[in-house]
>>> print(open('upload_1.cif').read())   # mmCIF, C-alpha atoms
data_final
#
loop_
_atom_site.label_atom_id
_atom_site.label_comp_id
_atom_site.auth_asym_id
_atom_site.auth_seq_id
_atom_site.Cartn_x
_atom_site.Cartn_y
_atom_site.Cartn_z
CA MET A 583 28.85 -18.99 -12.01
CA GLY A 584 26.82 -20.86 -9.36
CA LEU A 585 25.45 -19.31 -6.19
CA LYS A 586 27.10 -20.21 -2.89
CA ASN A 587 25.08 -21.97 -0.21
CA ILE A 588 24.63 -19.27 2.40
CA ILE A 589 22.67 -19.20 5.66
CA TYR A 590 22.07 -15.74 7.13
CA ILE A 591 22.34 -15.49 10.91
CA GLY A 592 21.42 -12.69 13.33
CA LEU A 593 19.29 -10.19 11.43
CA SER A 594 18.87 -6.69 12.76
CA GLY A 595 17.57 -3.39 11.41
CA ASP A 596 19.54 -0.17 10.96
CA ASN A 597 18.10 3.32 11.37
CA ALA A 598 17.18 3.51 7.69
CA GLY A 599 14.87 0.55 8.06
CA PHE A 600 16.94 -1.79 5.93
CA THR A 601 18.00 -5.24 7.05
CA VAL A 602 21.69 -5.81 7.74
CA PHE A 603 23.53 -9.05 8.39
CA ASP A 604 25.53 -9.44 11.60
CA GLU A 605 27.08 -12.71 10.50
CA ILE A 606 27.15 -14.83 7.35
CA ALA A 607 27.93 -18.52 7.56
CA GLU A 608 28.66 -20.62 4.46
CA VAL A 609 27.78 -24.31 4.53
CA ASP A 610 28.86 -27.15 2.26
CA ASP A 611 26.64 -28.81 -0.34
CA GLU A 612 25.83 -31.83 1.82
CA ALA A 613 24.70 -29.77 4.81
CA PHE A 614 22.68 -27.45 2.59
CA ALA A 615 20.95 -30.40 0.91
CA ASP A 616 20.02 -31.74 4.35
CA VAL A 617 18.42 -28.43 5.33
CA ARG A 618 16.60 -28.17 2.00
CA ALA A 619 15.24 -31.73 2.30
CA LYS A 620 13.54 -30.81 5.57
CA LEU A 621 11.77 -27.75 4.11
CA LYS A 622 8.32 -28.09 2.57
CA PRO A 623 6.49 -25.50 0.44
CA GLU A 624 3.65 -25.32 2.97
CA ASP A 625 6.00 -24.62 5.88
CA ASP A 626 5.84 -21.31 7.71
CA GLY A 627 8.03 -18.95 5.72
CA LEU A 628 7.99 -15.76 7.78
CA ILE A 629 5.96 -13.57 10.09
CA LEU A 630 5.15 -10.02 9.03
CA PHE A 631 3.21 -7.48 11.05
CA THR A 632 0.35 -5.44 9.62
CA SER A 633 0.58 -1.66 9.94
CA GLY A 634 -2.32 -1.36 12.39
CA THR A 635 -3.47 1.88 10.76
CA THR A 636 -7.16 1.41 11.60
CA ASN A 637 -7.21 0.19 15.21
CA SER A 638 -3.56 0.57 16.35
CA VAL A 639 -3.24 -3.21 16.85
CA PRO A 640 -0.78 -4.78 14.38
CA HIS A 641 -1.43 -8.45 13.61
CA ALA A 642 1.37 -11.00 13.25
CA VAL A 643 0.72 -12.64 9.86
CA VAL A 644 2.16 -16.11 9.24
CA GLY A 645 2.83 -16.80 5.55
CA SER A 646 4.06 -19.94 3.83
CA GLN A 647 7.18 -20.46 1.75
CA TYR A 648 4.93 -21.34 -1.20
CA SER A 649 2.86 -18.16 -1.09
CA ARG A 650 5.86 -15.85 -0.78
CA VAL A 651 7.84 -17.39 -3.63
CA ASN A 652 4.96 -17.73 -6.06
CA ASN A 653 3.48 -14.31 -5.41
CA ALA A 654 6.85 -12.68 -6.03
CA LEU A 655 7.27 -14.68 -9.24
CA CYS A 656 3.88 -13.43 -10.44
CA GLN A 657 4.79 -9.83 -9.62
CA ALA A 658 8.12 -10.18 -11.41
CA LYS A 659 6.23 -11.44 -14.45
CA ASP A 660 3.76 -8.54 -14.29
CA LEU A 661 6.71 -6.11 -14.09
CA LYS A 662 8.24 -7.90 -17.10
CA THR A 663 11.42 -8.28 -15.08
CA THR A 664 14.60 -9.63 -16.68
CA PRO A 665 18.10 -10.25 -15.24
CA SER A 666 19.08 -6.86 -16.73
CA ASP A 667 16.72 -4.97 -14.41
CA ARG A 668 17.92 -3.03 -11.40
CA PHE A 669 15.51 -2.41 -8.50
CA CYS A 670 15.91 0.68 -6.33
CA VAL A 671 14.75 -0.35 -2.85
CA ALA A 672 12.92 2.76 -1.68
CA MET A 673 10.83 1.25 1.14
CA PRO A 674 11.63 -0.62 4.37
CA ILE A 675 12.34 -4.27 3.64
CA PHE A 676 10.22 -5.36 6.61
CA HIS A 677 7.10 -4.10 4.80
CA CYS A 678 5.22 -6.73 2.76
CA PHE A 679 5.04 -4.46 -0.31
CA CYS A 680 8.80 -3.99 -0.49
CA LEU A 681 9.67 -7.58 0.42
CA SER A 682 7.49 -8.89 -2.39
CA VAL A 683 7.75 -6.44 -5.31
CA ASN A 684 11.38 -5.53 -4.69
CA VAL A 685 13.43 -8.10 -2.81
CA CYS A 686 11.81 -11.40 -3.79
CA ALA A 687 10.77 -10.32 -7.30
CA ALA A 688 14.36 -9.32 -8.02
CA LEU A 689 15.99 -12.38 -6.47
CA PHE A 690 13.66 -14.85 -8.14
CA SER A 691 14.21 -13.31 -11.58
CA GLY A 692 17.97 -12.80 -11.33
CA ALA A 693 17.74 -9.00 -11.29
CA CYS A 694 19.90 -6.65 -9.22
CA LEU A 695 18.86 -5.09 -5.91
CA CYS A 696 20.20 -1.60 -5.23
CA LEU A 697 19.98 -0.42 -1.61
CA PRO A 698 20.47 3.33 -1.04
CA LYS A 699 22.46 4.61 1.95
CA SER A 700 19.16 5.77 3.46
CA ARG A 701 15.60 6.38 2.43
CA HIS A 702 16.14 10.12 2.21
CA ILE A 703 15.02 11.47 -1.16
CA LYS A 704 18.51 12.58 -2.18
CA ASP A 705 19.99 9.15 -1.51
CA LEU A 706 17.16 7.43 -3.38
CA LEU A 707 17.67 9.58 -6.47
CA ASP A 708 21.45 9.26 -6.21
CA THR A 709 21.01 5.49 -6.32
CA VAL A 710 18.67 5.65 -9.32
CA GLU A 711 21.20 7.81 -11.18
CA THR A 712 24.45 6.09 -10.32
CA GLU A 713 23.14 2.51 -10.48
CA ARG A 714 20.94 3.18 -13.54
CA CYS A 715 17.92 1.66 -11.81
CA THR A 716 15.05 0.52 -14.01
CA ILE A 717 12.34 -0.17 -11.39
CA LEU A 718 11.20 2.17 -8.61
CA SER A 719 8.13 1.16 -6.58
CA CYS A 720 6.80 3.36 -3.78
CA VAL A 721 3.83 4.23 -1.63
CA PRO A 722 1.97 7.36 -2.86
CA ALA A 723 3.32 9.59 -0.07
CA LEU A 724 6.93 8.88 -1.08
CA TYR A 725 6.31 9.43 -4.77
CA HIS A 726 4.63 12.72 -3.92
CA ALA A 727 7.46 13.78 -1.62
CA ILE A 728 9.99 13.16 -4.39
CA ILE A 729 8.19 15.20 -7.04
CA SER A 730 7.38 17.98 -4.54
CA LYS A 731 10.86 18.41 -3.05
CA GLU A 732 13.19 17.60 -5.94
CA ASP A 733 13.69 19.15 -9.36
CA LEU A 734 13.74 15.94 -11.35
CA SER A 735 14.67 17.80 -14.53
CA ALA A 736 18.13 18.19 -12.98
CA ARG A 737 18.39 14.43 -12.48
CA ASP A 738 19.12 11.71 -15.01
CA ILE A 739 16.42 9.16 -14.21
CA SER A 740 15.93 8.11 -17.82
CA SER A 741 16.88 4.51 -16.94
CA LEU A 742 13.57 4.02 -15.09
CA ARG A 743 11.01 2.03 -17.07
CA VAL A 744 8.36 0.94 -14.53
CA GLY A 745 7.16 1.20 -10.95
CA ILE A 746 4.31 -0.06 -8.79
CA ILE A 747 2.23 2.27 -6.62
CA GLY A 748 0.19 0.97 -3.69
CA GLY A 749 -0.21 0.84 0.05
CA SER A 750 -2.69 3.71 0.49
CA PRO A 751 -5.25 5.71 -1.54
CA TYR A 752 -4.23 8.37 -4.06
CA SER A 753 -5.97 10.56 -6.62
CA SER A 754 -5.99 9.90 -10.35
CA ALA A 755 -4.40 13.33 -10.79
CA LEU A 756 -1.45 12.39 -8.56
CA PHE A 757 -1.05 9.07 -10.40
CA GLU A 758 -0.86 10.83 -13.75
CA GLU A 759 1.53 13.47 -12.39
CA ILE A 760 3.89 10.76 -11.07
CA GLU A 761 3.94 8.90 -14.38
CA GLN A 762 4.49 12.07 -16.40
CA THR A 763 7.19 13.42 -14.08
CA PHE A 764 9.19 10.19 -13.86
CA GLY A 765 8.66 9.33 -17.52
CA PHE A 766 8.00 5.65 -16.87
CA THR A 767 5.00 3.31 -16.78
CA LEU A 768 3.24 3.33 -13.41
CA LEU A 769 1.25 0.24 -12.42
CA SER A 770 -1.49 0.42 -9.80
CA SER A 771 -1.86 -2.51 -7.44
CA LEU A 772 -3.76 -3.80 -4.41
CA GLY A 773 -2.01 -5.85 -1.79
CA GLN A 774 -2.43 -6.84 1.82
CA THR A 775 -0.10 -8.44 4.32
CA GLU A 776 -2.69 -11.16 4.89
CA ALA A 777 -2.60 -11.87 1.14
CA THR A 778 1.20 -11.95 0.66
CA ALA A 779 1.12 -8.35 -0.66
CA GLY A 780 -0.32 -9.22 -4.05
CA ILE A 781 -4.00 -9.37 -5.08
CA THR A 782 -4.31 -7.20 -8.19
CA ILE A 783 -2.02 -5.32 -10.56
CA ALA A 784 -2.50 -3.17 -13.65
CA SER A 785 -1.26 -4.26 -17.07
CA PHE A 786 1.24 -2.41 -19.22
CA ASP A 787 -1.41 -2.45 -21.94
CA ASP A 788 -4.01 -0.65 -19.82
CA PRO A 789 -4.44 2.99 -20.89
CA LEU A 790 -3.40 5.68 -18.42
CA GLY A 791 -6.99 6.50 -17.46
CA GLU A 792 -7.63 2.88 -16.55
CA ARG A 793 -4.43 2.48 -14.55
CA SER A 794 -5.01 5.72 -12.62
CA CYS A 795 -8.61 4.94 -11.61
CA THR A 796 -8.42 1.20 -10.88
CA VAL A 797 -6.00 -1.16 -9.13
CA GLY A 798 -5.80 -3.52 -12.09
CA HIS A 799 -6.82 -7.12 -12.73
CA PHE A 800 -6.75 -9.99 -10.27
CA MET A 801 -3.46 -11.86 -10.35
CA ASP A 802 -3.28 -15.45 -11.59
CA ASN A 803 -4.72 -18.25 -9.44
CA ILE A 804 -6.65 -15.96 -7.11
CA GLU A 805 -10.40 -16.34 -6.66
CA TYR A 806 -12.52 -13.36 -5.67
CA ARG A 807 -16.08 -12.44 -4.87
CA PHE A 808 -18.05 -9.62 -3.24
CA VAL A 809 -20.41 -9.98 -0.30
CA GLU A 810 -22.56 -7.68 1.81
CA ARG A 811 -21.76 -3.97 1.39
CA PHE A 812 -19.50 -4.91 -1.55
CA GLU A 813 -16.67 -6.23 0.62
CA LEU A 814 -13.97 -7.99 -1.40
CA LEU A 815 -13.14 -11.59 -0.45
CA VAL A 816 -10.21 -13.50 -1.95
CA ARG A 817 -9.16 -17.14 -1.84
CA GLY A 818 -6.09 -19.00 -3.05
CA TYR A 819 -2.42 -19.61 -2.42
CA VAL A 820 -1.79 -15.99 -1.39
CA VAL A 821 -3.98 -16.17 1.73
CA MET A 822 -2.03 -16.26 5.00
CA LYS A 823 -1.90 -19.38 7.15
CA GLU A 824 -2.99 -17.58 10.32
CA TYR A 825 -2.49 -14.73 12.71
CA TYR A 826 0.26 -15.97 15.04
CA LYS A 827 -1.24 -17.38 18.27
CA ASP A 828 -4.54 -15.65 17.54
CA ALA A 829 -7.15 -18.26 16.64
CA GLU A 830 -10.05 -15.85 17.21
CA GLY A 831 -8.57 -13.20 14.94
CA THR A 832 -7.76 -15.79 12.28
CA THR A 833 -11.33 -17.11 12.30
CA ALA A 834 -12.67 -13.57 11.96
CA ALA A 835 -10.41 -12.88 8.95
CA ILE A 836 -10.70 -16.23 7.11
CA ASP A 837 -14.07 -17.99 6.97
CA LYS A 838 -14.63 -21.76 7.05
CA ASP A 839 -14.48 -21.94 3.24
CA GLY A 840 -11.05 -20.31 3.08
CA TRP A 841 -12.16 -16.84 1.97
CA LEU A 842 -10.08 -13.95 3.32
CA HIS A 843 -12.26 -10.96 4.19
CA THR A 844 -10.07 -8.07 3.01
CA GLY A 845 -12.14 -5.23 4.46
CA ASP A 846 -11.82 -3.40 1.12
CA THR A 847 -14.97 -2.49 -0.78
CA GLY A 848 -15.32 -2.09 -4.53
CA PHE A 849 -16.44 -3.61 -7.81
CA VAL A 850 -15.00 -4.93 -11.07
CA ASN A 851 -15.51 -2.63 -14.06
CA GLU A 852 -16.33 -3.55 -17.65
CA ASN A 853 -12.61 -4.03 -18.41
CA GLY A 854 -12.11 -6.59 -15.66
CA ASN A 855 -10.21 -4.21 -13.39
CA LEU A 856 -10.96 -3.64 -9.71
CA VAL A 857 -12.27 -0.23 -8.63
CA LEU A 858 -11.85 0.40 -4.90
CA THR A 859 -14.50 2.43 -3.09
CA GLY A 860 -13.26 2.36 0.51
CA ARG A 861 -12.54 0.37 3.66
CA LEU A 862 -15.34 -1.41 5.49
CA LYS A 863 -13.83 -0.79 8.93
CA GLU A 864 -13.54 2.93 8.25
CA LEU A 865 -17.24 3.39 7.47
CA ILE A 866 -18.78 6.29 9.37
CA ILE A 867 -22.21 5.47 10.80
CA ARG A 868 -24.13 8.70 11.38
CA GLY A 869 -27.58 8.16 12.84
CA GLY A 870 -27.79 4.72 11.24
CA GLU A 871 -26.62 5.91 7.80
CA ASN A 872 -23.41 4.37 6.43
CA ILE A 873 -21.04 6.97 4.98
CA SER A 874 -17.92 6.08 3.00
CA PRO A 875 -14.92 8.28 3.93
CA ARG A 876 -13.47 7.72 0.47
CA GLU A 877 -16.51 9.30 -1.20
CA ILE A 878 -15.92 12.49 0.80
CA GLU A 879 -12.16 12.51 0.21
CA ALA A 880 -12.66 11.99 -3.54
CA VAL A 881 -14.23 15.46 -3.82
CA PHE A 882 -10.72 16.90 -3.49
CA ASP A 883 -8.81 14.35 -5.56
CA ASP A 884 -8.12 16.79 -8.38
CA ASP A 885 -7.87 20.00 -6.32
CA GLU A 886 -4.24 21.17 -6.29
CA ARG A 887 -4.89 23.19 -3.13
CA VAL A 888 -5.39 20.02 -1.08
CA LEU A 889 -2.31 17.89 -0.52
CA GLU A 890 -4.13 15.15 1.39
CA CYS A 891 -7.38 14.73 3.32
CA LYS A 892 -8.98 12.11 5.55
CA ALA A 893 -12.64 11.81 6.52
CA LEU A 894 -13.21 10.37 9.99
CA GLY A 895 -16.07 9.51 12.30
CA VAL A 896 -15.92 11.41 15.61
CA TYR A 897 -18.20 11.23 18.63
CA ASP A 898 -21.54 13.04 18.56
CA PRO A 899 -24.13 12.79 21.40
CA HIS A 900 -27.10 12.89 19.02
CA TYR A 901 -26.04 10.92 15.92
CA GLY A 902 -23.48 8.67 17.59
CA GLU A 903 -20.90 9.72 15.00
CA GLU A 904 -20.42 12.87 12.97
CA VAL A 905 -18.10 13.40 10.03
CA ALA A 906 -14.85 15.29 10.50
CA LEU A 907 -12.57 16.13 7.57
CA ALA A 908 -8.85 16.62 8.26
CA ILE A 909 -7.03 18.50 5.50
CA ILE A 910 -3.37 19.15 4.71
CA ARG A 911 -3.22 22.18 2.45
CA ASN A 912 -0.74 22.37 -0.40
CA GLY A 913 1.62 25.19 0.52
CA ALA A 914 2.74 25.57 -3.10
CA THR A 915 -0.67 26.91 -4.19
CA VAL A 916 -3.24 29.40 -2.98
CA ALA A 917 -4.67 28.10 0.30
CA ILE A 918 -8.18 26.71 0.30
CA SER A 919 -10.55 28.14 2.92
CA LYS A 920 -13.13 26.39 5.08
CA ASP A 921 -15.95 28.08 3.16
CA GLU A 922 -14.52 26.87 -0.15
CA VAL A 923 -14.24 23.35 1.24
CA LEU A 924 -17.87 23.35 2.32
CA THR A 925 -19.04 24.79 -1.01
CA MET A 926 -17.34 21.96 -2.90
CA LEU A 927 -18.72 19.32 -0.53
CA LYS A 928 -22.29 20.65 -0.78
CA ARG A 929 -22.08 20.61 -4.55
CA GLU A 930 -21.05 16.93 -4.68
CA LEU A 931 -22.61 15.20 -1.66
CA ALA A 932 -25.94 14.60 0.04
CA ASN A 933 -26.53 16.77 3.11
CA TYR A 934 -26.08 13.98 5.65
CA LYS A 935 -22.57 13.28 4.27
CA ILE A 936 -21.34 16.87 4.68
CA PRO A 937 -18.65 16.99 7.42
CA LYS A 938 -19.71 18.85 10.53
CA HIS A 939 -16.07 19.55 11.40
CA ILE A 940 -13.28 20.83 9.12
CA VAL A 941 -9.76 20.65 10.61
CA PHE A 942 -6.64 21.97 8.85
CA MET A 943 -3.39 20.21 9.87
CA ASN A 944 0.30 20.45 8.97
CA ASP A 945 0.65 16.67 8.67
CA PHE A 946 -0.94 13.38 9.72
CA PRO A 947 0.54 10.77 12.06
CA ARG A 948 2.05 8.10 9.84
CA THR A 949 3.42 4.60 9.83
CA SER A 950 7.04 3.89 8.86
CA THR A 951 5.88 3.39 5.25
CA GLY A 952 4.10 6.74 4.96
CA LYS A 953 0.49 5.66 5.47
CA ALA A 954 -1.77 7.98 7.45
CA LYS A 955 -2.42 6.23 10.77
CA THR A 956 -6.19 6.57 11.01
CA SER A 957 -6.50 5.61 14.68
CA ASP A 958 -3.91 8.16 15.84
CA LEU A 959 -5.29 10.82 13.50
CA LYS A 960 -8.77 10.28 14.93
CA ARG A 961 -7.43 10.81 18.47
CA GLN A 962 -5.64 14.00 17.41
CA VAL A 963 -8.71 15.42 15.66
CA THR A 964 -10.88 14.53 18.66
CA GLU A 965 -8.50 16.44 20.94
CA ILE A 966 -8.36 19.44 18.59
CA LEU A 967 -12.17 19.59 18.53
CA GLY A 968 -12.39 19.14 22.30
CA LEU A 969 -14.76 16.19 22.00
#
>>> encode(input="upload_1.cif", output="structure tokens")
Amino acid sequence: MGLKNIIYIGLSGDNAGFTVFDEIAEVDDEAFADVRAKLKPEDDGLILFTSGTTNSVPHAVVGSQYSRVNNALCQAKDLKTTPSDRFCVAMPIFHCFCLSVNVCAALFSGACLCLPKSRHIKDLLDTVETERCTILSCVPALYHAIISKEDLSARDISSLRVGIIGGSPYSSALFEEIEQTFGFTLLSSLGQTEATAGITIASFDDPLGERSCTVGHFMDNIEYRFVERFELLVRGYVVMKEYYKDAEGTTAAIDKDGWLHTGDTGFVNENGNLVLTGRLKELIIRGGENISPREIEAVFDDDERVLECKALGVYDPHYGEEVALAIIRNGATVAISKDEVLTMLKRELANYKIPKHIVFMNDFPRTSTGKAKTSDLKRQVTEILGL
């Protein structure tokens, strides 16, 4: 059975974050052919906004038709998607991660898209069960919320075979817990709105230890290199066309040779997989010394008493910046104390990297996709400390 020629008109978002259609207009073959003849692969395909987690200023990213289609095709291939697959859409469609690895990957491979009534955990799991979903991709915070708040042994989620995790940092312990609890293959990945949401992805053949500690290999037809302070640069069809009406910002992000400066730092290991070490823009500069927040946070990656932590640079009159560590304790275990936190830090880090301030919080300010919003968190911690 052939697909009808459909043009979607008047998009709007419901409270769940999903896209709904106000009106659907069908057009005949001749009119559709005329529209298609005017479209070129290099044409602007869509505008997506970045999350603005670091500086609270989202950028409007213009991507091409070509980059969106081909990146989704690559991700569908890496997921080993077939027309028999059923994607559970667990994230907002307006987010680049969901649009690429769910919506477009499913549509371009003939698979089924299953949209829950809402993004509440119960509705997500109901959809997986009733629709027999095979693919469930999420940001780490959502995966963790599911395994923390739901008894999955009471659910039939045996249809799931694979999922992609990405969007924010996570510990290797959490990665392994997610894979074991869901009973599927979890693939790590690195994406960025400026790079059409797909830069790297793990392979099914990678062992668990490799998938949990790296973000996989570089996807096909993407060039990469590392420059000063190990910043990752990428070049190829995935790179955005521009920031909308922001020539200065575009020039700062993409150099004259077409390299996109991702702001991520890392290296490629002996197996050809990318190991991330942090974000360049989040570096803490204390008295002229560069400190990676990720190095501090990694001390607690495998500590069950810490649900999540973020290292931040806060104002200091002598050093310019001092390190503050914001911690969300895991209420399901024995609480970790400030003294225990400092003991662990002193055992693993050089003295100048030890946080001067330890702040315990109930939660962090977050974006609609569950990422900790660093800029807002920094303001909150600064207020709590009275700086």
>>> resolve_selection(input="upload_1.cif", expression="the PyMOL selection byres ((chain A and resi 666-672) around 9)", output="PDB file with C-alpha atoms, in the coordinates of the input")
ATOM      1  CA  THR A 663      11.420  -8.280 -15.080  1.00  0.00           C
ATOM      2  CA  THR A 664      14.600  -9.630 -16.680  1.00  0.00           C
ATOM      3  CA  PRO A 665      18.100 -10.250 -15.240  1.00  0.00           C
ATOM      4  CA  MET A 673      10.830   1.250   1.140  1.00  0.00           C
ATOM      5  CA  PRO A 674      11.630  -0.620   4.370  1.00  0.00           C
ATOM      6  CA  ILE A 675      12.340  -4.270   3.640  1.00  0.00           C
ATOM      7  CA  CYS A 680       8.800  -3.990  -0.490  1.00  0.00           C
ATOM      8  CA  ASN A 684      11.380  -5.530  -4.690  1.00  0.00           C
ATOM      9  CA  VAL A 685      13.430  -8.100  -2.810  1.00  0.00           C
ATOM     10  CA  ALA A 688      14.360  -9.320  -8.020  1.00  0.00           C
ATOM     11  CA  GLY A 692      17.970 -12.800 -11.330  1.00  0.00           C
ATOM     12  CA  ALA A 693      17.740  -9.000 -11.290  1.00  0.00           C
ATOM     13  CA  CYS A 694      19.900  -6.650  -9.220  1.00  0.00           C
ATOM     14  CA  LEU A 695      18.860  -5.090  -5.910  1.00  0.00           C
ATOM     15  CA  CYS A 696      20.200  -1.600  -5.230  1.00  0.00           C
ATOM     16  CA  LEU A 697      19.980  -0.420  -1.610  1.00  0.00           C
ATOM     17  CA  PRO A 698      20.470   3.330  -1.040  1.00  0.00           C
ATOM     18  CA  SER A 700      19.160   5.770   3.460  1.00  0.00           C
ATOM     19  CA  ARG A 701      15.600   6.380   2.430  1.00  0.00           C
ATOM     20  CA  HIS A 702      16.140  10.120   2.210  1.00  0.00           C
ATOM     21  CA  ILE A 703      15.020  11.470  -1.160  1.00  0.00           C
ATOM     22  CA  LEU A 706      17.160   7.430  -3.380  1.00  0.00           C
ATOM     23  CA  THR A 709      21.010   5.490  -6.320  1.00  0.00           C
ATOM     24  CA  VAL A 710      18.670   5.650  -9.320  1.00  0.00           C
ATOM     25  CA  GLU A 713      23.140   2.510 -10.480  1.00  0.00           C
ATOM     26  CA  ARG A 714      20.940   3.180 -13.540  1.00  0.00           C
ATOM     27  CA  CYS A 715      17.920   1.660 -11.810  1.00  0.00           C
ATOM     28  CA  THR A 716      15.050   0.520 -14.010  1.00  0.00           C
ATOM     29  CA  ILE A 717      12.340  -0.170 -11.390  1.00  0.00           C
ATOM     30  CA  LEU A 718      11.200   2.170  -8.610  1.00  0.00           C
ATOM     31  CA  SER A 719       8.130   1.160  -6.580  1.00  0.00           C
ATOM     32  CA  CYS A 720       6.800   3.360  -3.780  1.00  0.00           C
ATOM     33  CA  LEU A 724       6.930   8.880  -1.080  1.00  0.00           C
TER      34      LEU A 724
END
>>> closest_atom_pairs(input="upload_1.cif", of="stretch 677-736 of chain A", to="stretch 652-655 of chain A", cutoff="7 Å", atoms="all atoms listed in the file", output="CSV")
residue,atom,partner,partner_atom,distance
A:Ser682,CA,A:Ala654,CA,5.3
A:Val683,CA,A:Ala654,CA,6.3
A:Cys686,CA,A:Ala654,CA,5.6
A:Ala687,CA,A:Ala654,CA,4.7
A:Phe690,CA,A:Leu655,CA,6.5
>>> closest_residue(input="upload_1.cif", among="A:Tyr897, A:Tyr825, A:Phe679, A:Trp841", to="A:Pro640", atoms="only C-alpha atoms")
A:Tyr825
>>> resolve_selection(input="upload_1.cif", expression="the PyMOL selection byres ((chain A and resi 915-917) around 9)", output="list of chain:residue names")
A:Glu886, A:Arg887, A:Val888, A:Arg911, A:Asn912, A:Gly913, A:Ala914, A:Ile918, A:Ser919
>>> atom_distance(input="upload_1.cif", atom1="atom CA of A:Val881", atom2="atom CA of A:Ser633")
26.5 Å
>>> closest_residue(input="upload_1.cif", among="A:Ala834, A:Asp616, A:Leu858, A:Val651", to="A:Tyr819", atoms="all atoms listed in the file")
A:Val651
>>> residues_near_point(input="upload_1.cif", point="(-12.7, 20.2, 13.7)", cutoff="10 Å", atoms="all atoms listed in the file", output="list of chain:residue names")
A:Val896, A:Val905, A:Ala906, A:Leu907, A:Ala908, A:Pro937, A:Lys938, A:His939, A:Ile940, A:Val941, A:Phe942, A:Val963, A:Thr964, A:Glu965, A:Ile966, A:Leu967, A:Gly968, A:Leu969
>>> closest_residue(input="upload_1.cif", among="A:Leu924, A:Arg868, A:Ala658, A:Glu879", to="A:His900", atoms="all atoms listed in the file")
A:Arg868
>>> atom_distance(input="upload_1.cif", atom1="atom CA of A:Gly831", atom2="atom CA of A:Thr844")
13.1 Å
>>> atom_distance(input="upload_1.cif", atom1="atom CA of A:Asp625", atom2="atom CA of A:Gln647")
6.0 Å
>>> resolve_selection(input="upload_1.cif", expression="the PyMOL selection byres ((chain A and resi 733-741) around 9)", output="JSON, numbers by chain")
{"A": [707, 708, 710, 711, 714, 715, 716, 717, 728, 729, 730, 731, 732, 742, 743, 763, 764, 765, 766]}
>>> write_last_selection(input="upload_1.cif", atoms="C-alpha atoms", output="mmCIF file, in the coordinates of the input")
data_model
loop_
_atom_site.group_PDB
_atom_site.id
_atom_site.type_symbol
_atom_site.label_atom_id
_atom_site.label_comp_id
_atom_site.auth_asym_id
_atom_site.auth_seq_id
_atom_site.Cartn_x
_atom_site.Cartn_y
_atom_site.Cartn_z
ATOM 1 C CA LEU A 707 17.670 9.580 -6.470
ATOM 2 C CA ASP A 708 21.450 9.260 -6.210
ATOM 3 C CA VAL A 710 18.670 5.650 -9.320
ATOM 4 C CA GLU A 711 21.200 7.810 -11.180
ATOM 5 C CA ARG A 714 20.940 3.180 -13.540
ATOM 6 C CA CYS A 715 17.920 1.660 -11.810
ATOM 7 C CA THR A 716 15.050 0.520 -14.010
ATOM 8 C CA ILE A 717 12.340 -0.170 -11.390
ATOM 9 C CA ILE A 728 9.990 13.160 -4.390
ATOM 10 C CA ILE A 729 8.190 15.200 -7.040
ATOM 11 C CA SER A 730 7.380 17.980 -4.540
ATOM 12 C CA LYS A 731 10.860 18.410 -3.050
ATOM 13 C CA GLU A 732 13.190 17.600 -5.940
ATOM 14 C CA LEU A 742 13.570 4.020 -15.090
ATOM 15 C CA ARG A 743 11.010 2.030 -17.070
ATOM 16 C CA THR A 763 7.190 13.420 -14.080
ATOM 17 C CA PHE A 764 9.190 10.190 -13.860
ATOM 18 C CA GLY A 765 8.660 9.330 -17.520
ATOM 19 C CA PHE A 766 8.000 5.650 -16.870
#
>>> closest_residue(input="upload_1.cif", among="A:Ala784, A:Cys891, A:Met822, A:Val639", to="A:Ser957", atoms="all atoms listed in the file")
A:Val639
>>> closest_residue(input="upload_1.cif", among="A:Gln762, A:Asn803, A:Thr767, A:Thr782", to="A:Arg817", atoms="only C-alpha atoms")
A:Asn803
>>> build_atoms(input="upload_1.cif", residues="stretch 916-921 of chain A", atoms="N, CA, C and O atoms", output="mmCIF file, in the frame of the given file")
data_model
loop_
_atom_site.group_PDB
_atom_site.id
_atom_site.type_symbol
_atom_site.label_atom_id
_atom_site.label_comp_id
_atom_site.auth_asym_id
_atom_site.auth_seq_id
_atom_site.Cartn_x
_atom_site.Cartn_y
_atom_site.Cartn_z
ATOM 1 N N VAL A 916 -2.392 28.536 -3.794
ATOM 2 C CA VAL A 916 -3.240 29.400 -2.980
ATOM 3 C C VAL A 916 -4.028 28.536 -2.003
ATOM 4 O O VAL A 916 -4.619 27.530 -2.381
ATOM 5 N N ALA A 917 -4.030 28.920 -0.725
ATOM 6 C CA ALA A 917 -4.670 28.100 0.300
ATOM 7 C C ALA A 917 -6.174 28.038 0.097
ATOM 8 O O ALA A 917 -6.808 29.020 -0.294
ATOM 9 N N ILE A 918 -6.746 26.889 0.372
ATOM 10 C CA ILE A 918 -8.180 26.710 0.300
ATOM 11 C C ILE A 918 -8.786 27.040 1.660
ATOM 12 O O ILE A 918 -8.228 26.702 2.700
ATOM 13 N N SER A 919 -9.923 27.729 1.668
ATOM 14 C CA SER A 919 -10.550 28.140 2.920
ATOM 15 C C SER A 919 -11.619 27.141 3.337
ATOM 16 O O SER A 919 -12.052 26.284 2.557
ATOM 17 N N LYS A 920 -12.075 27.271 4.567
ATOM 18 C CA LYS A 920 -13.130 26.390 5.080
ATOM 19 C C LYS A 920 -14.410 26.575 4.272
ATOM 20 O O LYS A 920 -15.091 25.596 3.943
ATOM 21 N N ASP A 921 -14.739 27.826 3.939
ATOM 22 C CA ASP A 921 -15.950 28.080 3.160
ATOM 23 C C ASP A 921 -15.866 27.436 1.776
ATOM 24 O O ASP A 921 -16.852 26.888 1.272
#
